[in-house]
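Just coords-v8.txt here, compact mmCIF, C-alpha atoms:
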# COMPACT_ATOMS: atom_id res chain seq x y z
CA MET A 1 -41.70 13.46 133.30
CA ASN A 2 -45.03 11.89 132.59
CA ASP A 3 -43.58 8.63 133.88
CA PRO A 4 -44.52 8.25 137.57
CA GLY A 5 -41.24 6.47 138.30
CA GLN A 6 -39.10 9.49 137.44
CA ILE A 7 -38.56 12.84 139.11
CA PRO A 8 -38.94 15.64 136.56
CA ASP A 9 -35.92 17.78 135.73
CA PRO A 10 -37.12 21.35 136.44
CA VAL A 11 -35.04 22.76 133.56
CA ARG A 12 -36.47 20.33 131.01
CA ALA A 13 -39.97 20.66 132.48
CA ALA A 14 -40.02 24.41 131.76
CA GLY A 15 -41.68 25.59 128.59
CA PRO A 16 -44.74 24.42 126.69
CA PRO A 17 -45.96 20.80 126.79
CA ALA A 18 -46.17 20.79 122.98
CA VAL A 19 -44.92 22.87 120.07
CA THR A 20 -46.83 22.83 116.79
CA GLU A 21 -45.30 24.05 113.54
CA GLY A 22 -45.84 23.42 109.88
CA THR A 23 -48.36 23.34 107.13
CA PRO A 24 -51.87 21.99 107.58
CA ASP A 25 -51.65 20.40 104.12
CA GLY A 26 -48.87 17.88 104.75
CA PRO A 27 -48.51 14.73 106.80
CA ILE A 28 -49.13 15.05 110.54
CA VAL A 29 -46.15 13.96 112.63
CA LEU A 30 -46.55 13.57 116.40
CA VAL A 31 -43.19 13.46 118.19
CA LEU A 32 -42.96 12.12 121.76
CA ASP A 33 -39.69 13.56 123.04
CA PRO A 34 -38.41 12.36 126.42
CA SER A 35 -35.54 14.90 126.42
CA GLY A 36 -37.78 17.96 126.23
CA ALA A 37 -36.27 19.65 123.16
CA ALA A 38 -38.23 22.62 121.77
CA LYS A 39 -38.23 24.31 125.18
CA HIS A 40 -38.27 27.74 123.57
CA ALA A 41 -41.39 26.94 121.52
CA GLU A 42 -39.60 26.13 118.28
CA LEU A 43 -38.62 22.86 116.69
CA PRO A 44 -35.03 21.62 116.82
CA ALA A 45 -33.08 23.10 113.90
CA THR A 46 -32.79 19.71 112.16
CA TRP A 47 -36.59 19.46 111.94
CA ARG A 48 -37.48 23.02 110.88
CA GLU A 49 -37.22 22.37 107.14
CA PHE A 50 -39.83 19.60 107.50
CA ALA A 51 -42.34 22.17 108.73
CA ARG A 52 -42.55 23.45 105.15
CA SER A 53 -44.34 20.27 104.12
CA TRP A 54 -45.47 18.58 107.37
CA GLN A 55 -47.50 19.57 110.39
CA ILE A 56 -45.33 18.65 113.38
CA ILE A 57 -46.60 18.40 116.95
CA TRP A 58 -43.56 18.04 119.22
CA CYS A 59 -44.68 16.80 122.65
CA ARG A 60 -42.13 17.61 125.34
CA LEU A 61 -42.61 14.69 127.73
CA PRO A 62 -40.77 16.21 130.72
CA VAL A 63 -43.59 18.78 130.86
CA GLU A 64 -46.65 17.76 132.85
CA GLY A 65 -49.59 17.00 130.56
CA ALA A 66 -47.61 16.43 127.34
CA LEU A 67 -48.56 12.76 127.03
CA THR A 68 -52.20 13.60 127.74
CA GLN A 69 -52.04 16.26 125.04
CA ALA A 70 -50.69 13.65 122.60
CA ASP A 71 -53.56 11.31 123.47
CA ASP A 72 -56.07 14.13 123.00
CA LEU A 73 -54.57 15.02 119.62
CA LEU A 74 -54.89 11.43 118.40
CA GLY A 75 -58.48 11.35 119.62
CA ASP A 76 -59.27 14.60 117.82
CA PRO A 77 -56.63 15.23 115.13
CA PRO A 78 -56.15 18.75 113.74
CA ARG A 79 -57.54 17.56 110.41
CA PRO A 80 -60.25 14.94 110.91
CA GLY A 81 -59.84 11.98 108.61
CA ARG A 82 -56.07 12.47 108.29
CA VAL A 83 -53.64 9.97 109.73
CA VAL A 84 -50.76 10.69 112.09
CA THR A 85 -47.26 9.22 112.18
CA VAL A 86 -46.04 8.85 115.78
CA VAL A 87 -42.31 9.19 116.45
CA ALA A 88 -40.96 8.17 119.85
CA SER A 89 -37.66 7.56 121.54
CA GLY A 90 -36.22 5.14 124.03
CA PRO A 91 -38.28 4.65 127.16
CA PHE A 92 -41.46 5.91 125.47
CA ALA A 93 -41.58 3.24 122.76
CA GLU A 94 -44.13 1.24 124.72
CA GLN A 95 -46.32 4.31 125.40
CA ALA A 96 -46.19 5.23 121.71
CA MET A 97 -47.43 1.78 120.75
CA ARG A 98 -50.17 1.96 123.40
CA LEU A 99 -51.29 5.33 122.02
CA ALA A 100 -51.41 3.80 118.54
CA GLU A 101 -53.42 0.86 119.88
CA ALA A 102 -55.92 3.26 121.43
CA HIS A 103 -56.21 5.24 118.18
CA THR A 104 -55.95 2.71 115.34
CA GLY A 105 -58.17 4.86 113.12
CA THR A 106 -55.85 7.84 113.42
CA VAL A 107 -52.30 6.44 113.54
CA ARG A 108 -50.58 5.59 110.24
CA ALA A 109 -47.27 4.28 111.65
CA VAL A 110 -45.07 4.28 114.74
CA LEU A 111 -41.43 5.19 114.11
CA LEU A 112 -39.04 4.39 116.93
CA VAL A 113 -35.57 5.59 117.84
CA ASP A 114 -33.46 3.45 120.18
CA PRO A 115 -36.53 1.62 121.55
CA ALA A 116 -34.34 -0.61 123.73
CA ALA A 117 -32.90 2.39 125.56
CA GLU A 118 -34.98 2.01 128.70
CA GLY A 119 -31.72 1.77 130.59
CA TYR A 120 -28.14 2.67 129.78
CA PHE A 121 -26.15 0.93 127.09
CA PRO A 122 -23.11 2.26 125.21
CA PRO A 123 -23.89 4.09 121.95
CA ASP A 124 -22.00 1.54 119.86
CA ARG A 125 -24.48 -1.17 121.00
CA GLY A 126 -27.43 0.62 119.42
CA GLU A 127 -27.92 -1.60 116.40
CA ALA A 128 -27.60 -4.85 118.37
CA GLU A 129 -29.99 -3.54 121.04
CA ALA A 130 -32.48 -2.34 118.39
CA ARG A 131 -32.45 -5.70 116.61
CA ALA A 132 -32.87 -7.56 119.92
CA TRP A 133 -35.81 -5.26 120.78
CA GLU A 134 -37.41 -5.96 117.37
CA HIS A 135 -37.02 -9.72 117.90
CA THR A 136 -38.41 -9.59 121.45
CA HIS A 137 -41.35 -7.43 120.35
CA ALA A 138 -42.15 -9.28 117.11
CA THR A 139 -45.28 -10.64 118.77
CA GLY A 140 -47.67 -9.05 121.22
CA LEU A 141 -48.56 -5.38 120.83
CA ARG A 142 -46.31 -4.79 117.84
CA ALA A 143 -47.91 -7.70 115.96
CA LYS A 144 -51.38 -6.52 116.98
CA LEU A 145 -50.63 -3.08 115.53
CA ALA A 146 -49.27 -4.61 112.32
CA ALA A 147 -52.50 -6.62 111.99
CA ALA A 148 -54.40 -3.33 112.32
CA GLY A 149 -52.33 -1.86 109.48
CA ILE A 150 -49.99 0.17 111.69
CA PRO A 151 -46.35 -0.71 111.12
CA VAL A 152 -43.95 -0.23 114.02
CA GLU A 153 -40.49 0.43 112.65
CA VAL A 154 -37.12 1.18 114.25
CA VAL A 155 -35.78 3.99 112.07
CA ALA A 156 -32.67 5.05 114.01
CA TYR A 157 -30.45 3.93 116.85
CA SER A 158 -27.24 4.96 118.56
CA THR A 159 -24.12 4.08 116.61
CA GLY A 160 -21.28 5.56 118.64
CA GLY A 161 -18.39 7.31 116.92
CA ASP A 162 -17.90 10.97 116.13
CA ARG A 163 -21.53 11.70 115.16
CA ASP A 164 -23.13 10.03 118.17
CA ARG A 165 -21.21 10.48 121.38
CA VAL A 166 -24.01 10.33 123.93
CA ALA A 167 -25.57 7.39 125.72
CA ALA A 168 -28.70 5.94 124.13
CA PRO A 169 -31.28 7.01 123.23
CA ILE A 170 -29.88 9.21 120.50
CA PRO A 171 -31.71 12.58 120.69
CA LEU A 172 -34.67 13.05 118.35
CA GLY A 173 -33.11 16.31 117.17
CA HIS A 174 -29.96 14.52 115.96
CA PRO A 175 -29.46 15.01 112.18
CA ASP A 176 -29.34 11.24 111.54
CA VAL A 177 -32.66 10.78 113.34
CA ALA A 178 -34.30 13.64 111.44
CA GLU A 179 -33.11 12.17 108.14
CA ALA A 180 -34.30 8.66 109.06
CA VAL A 181 -37.76 9.97 110.00
CA ARG A 182 -37.94 11.99 106.77
CA ALA A 183 -37.06 8.90 104.72
CA ALA A 184 -39.64 6.75 106.51
CA ILE A 185 -42.43 9.31 106.11
CA GLU A 186 -41.69 9.97 102.45
CA GLU A 187 -41.47 6.24 101.69
Could you write out this file's structure as structure tokens?
Amino acid sequence: MNDPGQIPDPVRAAGPPAVTEGTPDGPIVLVLDPSGAAKHAELPATWREFARSWQIIWCRLPVEGALTQADDLLGDPPRPGRVVTVVASGPFAEQAMRLAEAHTGTVRAVLLVDPAAEGYFPPDRGEAEARAWEHTHATGLRAKLAAAGIPVEVVAYSTGGDRDRVAAPIPLGHPDVAEAVRAAIEE
């Protein structure tokens, strides 16, 4: 993964560093995916309908160079003058905010999924962990981004139960995550 502290999973590291789909006329959505979905160069099924109205750049973080590609995209967006919504999960919440800080003229918002999931916690603790993360990060970088007009919002978190049976972070391709991102972008 692009995190020097982790050994890349060769299966997840296969495939392209980024997958781009969608219309050039809609909002630009940059997804930082630590799980490496979209290995076969297409968006997760839950996101494909959004490509009709958004331009989605899905960065597969287990692939070498994906985070650099995200940084390059924010420095030179596909449509100059257009803003980008950054979506990130779990252990990449901090990197997503740092990217936004480096590109305040390009980033519209940072949408986070299970930002507290830097380590394991049971899925049913997602809301409590997300709220604790929001409280802990109310100042510092998150506040600095808010002052620059870039909201940082937790849009989804692990809930446990029948729909969410995996350890946090909940995958970005999960239907509840896709719906939460759609709602936040269309707001």
Between atom CA of A:Val110 and atom CA of A:Val154, what is the distance in Å, rounded to a tenth?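 It comes out at 8.5 Å.
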Just the number, please: distance in Å from atom CA of A:Val84 to atom CA of A:Leu30, one decimal.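 Separation of atom CA of A:Val84 and atom CA of A:Leu30: 6.7 Å.
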Under the rule that all atoms listed in the file are counted, which of A:Ala132, A:Ile185, A:Ala147, A:Leu112 is the nearest residue to A:Pro91?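 Once distances to A:Pro91 are computed over all atoms listed in the file, the minimum belongs to A:Leu112.
Atom CA of A:Tyr157 sits 21.7 Å away from atom CA of A:Ile57.
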Of the listed residues A:Ala37, A:Leu172, A:Trp54, A:Met97, that which approaches A:Gly140 most closely, counting all atoms listed in the file: A:Met97
Please report, as JSON lines, each residue of stretch 53-133 of chain A lying at most 12 Å from stretch 38-48 of chain A, together with the nearest pair of atoms and the separation in Å rounded to one decimal; use all atoms listed in the file, and order rows by chain and ascending residue number.
{"residue": "A:Ser53", "atom": "CA", "partner": "A:Arg48", "partner_atom": "CA", "distance": 10.0}
{"residue": "A:Trp54", "atom": "CA", "partner": "A:Arg48", "partner_atom": "CA", "distance": 9.8}
{"residue": "A:Gln55", "atom": "CA", "partner": "A:Arg48", "partner_atom": "CA", "distance": 10.6}
{"residue": "A:Ile56", "atom": "CA", "partner": "A:Leu43", "partner_atom": "CA", "distance": 8.6}
{"residue": "A:Ile57", "atom": "CA", "partner": "A:Leu43", "partner_atom": "CA", "distance": 9.1}
{"residue": "A:Trp58", "atom": "CA", "partner": "A:Leu43", "partner_atom": "CA", "distance": 7.4}
{"residue": "A:Cys59", "atom": "CA", "partner": "A:Ala38", "partner_atom": "CA", "distance": 8.7}
{"residue": "A:Arg60", "atom": "CA", "partner": "A:Ala38", "partner_atom": "CA", "distance": 7.3}
{"residue": "A:Leu61", "atom": "CA", "partner": "A:Ala38", "partner_atom": "CA", "distance": 10.8}
{"residue": "A:Pro62", "atom": "CA", "partner": "A:Lys39", "partner_atom": "CA", "distance": 10.1}
{"residue": "A:Val63", "atom": "CA", "partner": "A:Lys39", "partner_atom": "CA", "distance": 9.6}
Identify which of the residues A:Ala128, A:Ala100, A:Ala66, A:Leu111 lies closest to A:Ala178, counting only C-alpha atoms when measuring atom-to-atom distances.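 Counting only C-alpha atoms, the residue closest to A:Ala178 is A:Leu111.
Close contacts of A:Arg79, defined as residues with an atom at most 12 Å away when counting all atoms listed in the file, with chain neighbours fewer than 6 positions off set aside, comprise Thr23, Pro24, Asp25, Gly26, Pro27, Ile28, Gln55, Leu73 and Thr106 of chain A.
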For A:Gly126, the closest of A:Ser158, A:Thr85, A:Thr139, A:Gln95 counting only C-alpha atoms is A:Ser158
Selected residue of minimal separation from A:Glu49 among A:Gly90, A:Thr104, A:Ala109, A:Gly22, counting all atoms listed in the file: A:Gly22
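The residue set within 12 Å of A:Glu129, counting all atoms listed in the file and dropping same-chain residues fewer than 3 places from it, reads A:Gly90, A:Val113, A:Asp114, A:Pro115, A:Ala116, A:Ala117, A:Glu118, A:Gly119, A:Tyr120, A:Phe121, A:Pro122, A:Pro123, A:Asp124, A:Arg125, A:Gly126, A:Ala132, A:Trp133, A:Glu134, A:His135, A:Thr136, A:Val154, A:Ala156, A:Tyr157, A:Ser158, A:Thr159, A:Ala168, A:Pro169.
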Which one is closest to A:Ser89: A:Pro34, A:Leu145, A:Pro175, A:Pro151? Count only C-alpha atoms. A:Pro34
Box for stretch 58-68 of chain A: with edges along x, y and z, all listed atoms inside and 4 Å added on each side, what are the centre and edge lengths in Å to one decimal, as AutoDock Vina command-line options?
--center_x -46.5 --center_y 15.8 --center_z 126.0 --size_x 19.4 --size_y 14.0 --size_z 21.6
